[in-house]
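Pasted below: start-v3.cif, mmCIF, C-alpha atoms.
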```
data_start
#
loop_
_atom_site.label_atom_id
_atom_site.label_comp_id
_atom_site.auth_asym_id
_atom_site.auth_seq_id
_atom_site.Cartn_x
_atom_site.Cartn_y
_atom_site.Cartn_z
CA MET T 5 96.50 90.43 91.42
CA GLN T 6 93.42 88.44 92.25
CA PHE T 7 92.79 84.95 90.96
CA ILE T 8 90.07 82.32 90.99
CA ALA T 9 91.46 78.82 91.40
CA ILE T 10 89.24 75.85 90.64
CA GLY T 11 90.48 72.41 91.55
CA LEU T 12 88.40 69.44 90.41
CA ASP T 13 88.79 66.06 92.06
CA GLY T 14 89.31 62.86 90.13
CA SER T 15 86.27 60.70 89.45
CA ASP T 16 87.96 57.34 90.05
CA ALA T 17 87.09 54.96 92.90
CA GLY T 18 89.85 56.32 95.17
CA ALA T 19 89.03 60.01 94.75
CA SER T 20 86.99 60.49 97.92
CA ALA T 21 89.55 58.55 100.01
CA ARG T 22 92.36 60.80 98.71
CA ARG T 23 90.32 63.91 99.56
CA LEU T 24 89.58 62.66 103.05
CA ALA T 25 93.25 61.79 103.66
CA ALA T 26 94.42 65.30 102.67
CA GLN T 27 91.48 67.29 104.05
CA GLU T 28 92.88 68.23 107.46
CA ALA T 29 96.19 69.46 105.97
CA HIS T 30 94.29 71.32 103.22
CA ARG T 31 92.10 73.14 105.77
CA LYS T 32 95.12 74.02 107.91
CA LEU T 33 96.91 75.51 104.90
CA PHE T 34 93.72 77.29 103.77
CA PHE T 35 93.36 79.14 107.09
CA GLU T 36 97.07 79.90 107.24
CA MET T 37 96.89 81.46 103.75
CA TYR T 38 93.65 83.26 104.68
CA ASN T 39 95.22 84.72 107.84
CA ARG T 40 98.27 85.86 105.85
CA GLY T 41 95.96 87.69 103.38
CA PHE T 42 96.58 85.46 100.34
CA PHE T 43 93.15 83.77 100.36
CA LEU T 44 90.03 85.93 100.25
CA CYS T 45 87.40 83.16 100.32
CA GLY T 46 86.87 79.56 99.34
CA ALA T 47 84.17 76.98 98.78
CA ALA T 48 83.75 73.28 98.24
CA ILE T 49 82.23 72.34 94.88
CA LEU T 50 79.49 69.79 95.52
CA ASN T 51 77.79 67.15 93.40
CA ASP T 52 74.05 66.35 93.48
CA ARG T 53 74.59 64.17 96.57
CA GLU T 54 76.19 67.12 98.45
CA GLU T 55 79.63 65.44 98.29
CA ALA T 56 82.72 67.57 97.72
CA VAL T 57 84.13 67.03 94.22
CA GLY T 58 86.32 70.09 93.96
CA SER T 59 87.26 73.43 95.42
CA LEU T 60 87.08 77.10 94.49
CA ILE T 61 89.44 79.60 96.05
CA VAL T 62 89.57 83.34 95.44
CA CYS T 63 93.07 84.52 96.25
CA GLU T 64 95.48 87.39 95.86
CA PHE T 65 99.15 87.09 94.88
CA ALA T 66 101.63 89.40 93.15
CA SER T 67 101.59 87.09 90.10
CA GLN T 68 100.48 83.66 88.95
CA LYS T 69 104.08 82.51 89.40
CA GLU T 70 103.92 83.55 93.08
CA LEU T 71 100.57 81.74 93.42
CA GLU T 72 102.17 78.56 92.10
CA GLU T 73 105.34 78.86 94.20
CA VAL T 74 103.85 80.06 97.49
CA TRP T 75 100.66 78.00 97.44
CA LEU T 76 100.25 75.25 94.84
CA LYS T 77 103.66 73.66 95.43
CA SER T 78 102.61 72.99 99.03
CA GLU T 79 98.84 72.45 98.56
CA PRO T 80 97.88 69.07 100.09
CA TYR T 81 95.18 68.49 97.46
CA VAL T 82 97.85 68.86 94.74
CA LEU T 83 100.47 66.79 96.56
CA GLY T 84 97.87 64.11 97.40
CA ASN T 85 96.55 63.86 93.82
CA VAL T 86 93.08 64.96 94.95
CA TRP T 87 92.73 67.67 92.31
CA GLN T 88 93.05 66.14 88.87
CA GLU T 89 92.26 69.39 87.04
CA ILE T 90 93.33 72.86 88.15
CA GLU T 91 92.23 76.05 86.42
CA ILE T 92 93.63 79.43 87.43
CA LYS T 93 91.92 82.58 86.12
CA HIS T 94 92.99 86.17 86.68
CA ALA T 95 90.00 87.96 88.22
CA ARG T 96 88.85 91.04 90.10
CA LEU T 97 86.58 90.46 93.06
CA ALA T 98 83.81 93.05 93.18
CA GLY T 99 83.96 95.43 96.11
CA THR T 100 87.71 95.16 96.61
CA GLU T 101 88.74 98.03 94.35
CA LYS T 102 90.00 101.23 95.88
CA ALA T 103 87.20 103.70 96.45
CA PRO T 104 87.06 106.52 93.90
CA PRO T 105 87.97 109.98 95.13
CA PRO T 106 85.09 111.95 96.65
CA VAL T 107 83.03 114.02 94.25
CA PRO T 108 83.26 117.75 95.00
CA PRO T 109 79.98 119.45 95.96
CA GLY T 110 78.00 120.70 92.95
CA ALA T 111 79.95 118.57 90.46
CA GLY T 112 76.83 117.39 88.66
CA VAL T 113 76.08 114.24 90.64
CA ALA T 114 72.45 113.22 90.38
CA PRO T 115 70.48 113.54 93.62
CA SER T 116 69.84 110.22 95.33
CA SER T 117 66.09 110.59 94.70
CA SER T 118 66.74 109.98 90.98
CA ILE T 119 68.21 106.53 91.67
CA PRO T 120 65.50 103.90 91.18
CA PRO T 121 64.70 101.71 94.19
CA LEU T 122 65.90 98.12 94.30
CA PRO T 123 63.37 95.45 93.28
CA PRO T 124 61.80 93.38 96.08
CA PRO T 125 63.85 90.37 97.20
CA LEU T 126 63.22 87.04 95.51
CA PRO T 127 61.32 84.46 97.57
CA ARG T 128 63.51 81.86 99.23
CA VAL T 129 63.12 78.20 98.40
CA LYS T 130 61.98 76.26 101.45
CA GLY T 131 64.85 74.28 102.95
CA LYS T 132 67.51 76.24 101.00
CA ASN T 133 67.84 79.25 103.38
#
```
Taking this structure as input, can you express it in the form of structure tokens?
Amino acid sequence: MQFIAIGLDGSDAGASARRLAAQEAHRKLFFEMYNRGFFLCGAAILNDREEAVGSLIVCEFASQKELEEVWLKSEPYVLGNVWQEIEIKHARLAGTEKAPPPVPPGAGVAPSSSIPPLPPPLPRVKGKN
């Protein structure tokens, strides 16, 4: 089962110091879990000043109970009181489903010429590439 985990840091005066103190251990665990196939991707959640104020991790475990036992019980941001709010949502990451079986020839699939072209790409904002 895939999950999205969102951990939000505290907003008190010591929040950034707690994050910094646990950051190296958090990153080590993140890459260990990634290499073992539990974590699919992750991101820091940033405020308007580009400071990390939380984390988002897309992960895969057999159950939410396994997620809690294998990961959260040893997560440095949990143990170090960095994350003050944690939300876990069951999810399905697009593009990770098993491919459907091939369609037999002549089974009524529309020719590719009937698929409309993609719209042109949106312009990029300068400095945000």
List as number ranges by chain the protein and nucleic acid residues near Asp13 of chain T, meaning an atom at most 9 Å away when only C-alpha atoms are counted, but skip any in the same chain fewer than 4 places from it. T: 19-20, 23, 56-59, 81, 85-89
Residues picked by the PyMOL selection byres ((chain T and resi 41-47) around 6) here, as a PyMOL selection string? chain T and resi 37-40+48+59-64
Would you write out, as a ChimeraX atom specification, every residue that the PyMOL selection byres ((chain T and resi 75-77) around 10) captures in this file? /T:33-34,37,42-43,65,69-74,78-83,90
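Taking atom CA of Ala9 of chain T and atom CA of Ala95 of chain T as the two end points, the separation is 9.8 Å.
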To test the calculation: enclose all listed atoms of segment 48-52 of chain T in a box whose edges run along x, y and z, add 5 Å on each side, then state centre and edge lengths in Å to one decimal, as AutoDock Vina command-line options.
```
--center_x 78.9 --center_y 69.8 --center_z 95.8 --size_x 19.7 --size_y 16.9 --size_z 14.8
```
Students should find that atom CA of Ala66 of chain T and atom CA of Gly14 of chain T are spaced 29.4 Å
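Interatomic distance, atom CA of Ile92 of chain T to atom CA of Phe7 of chain T: 6.6 Å.
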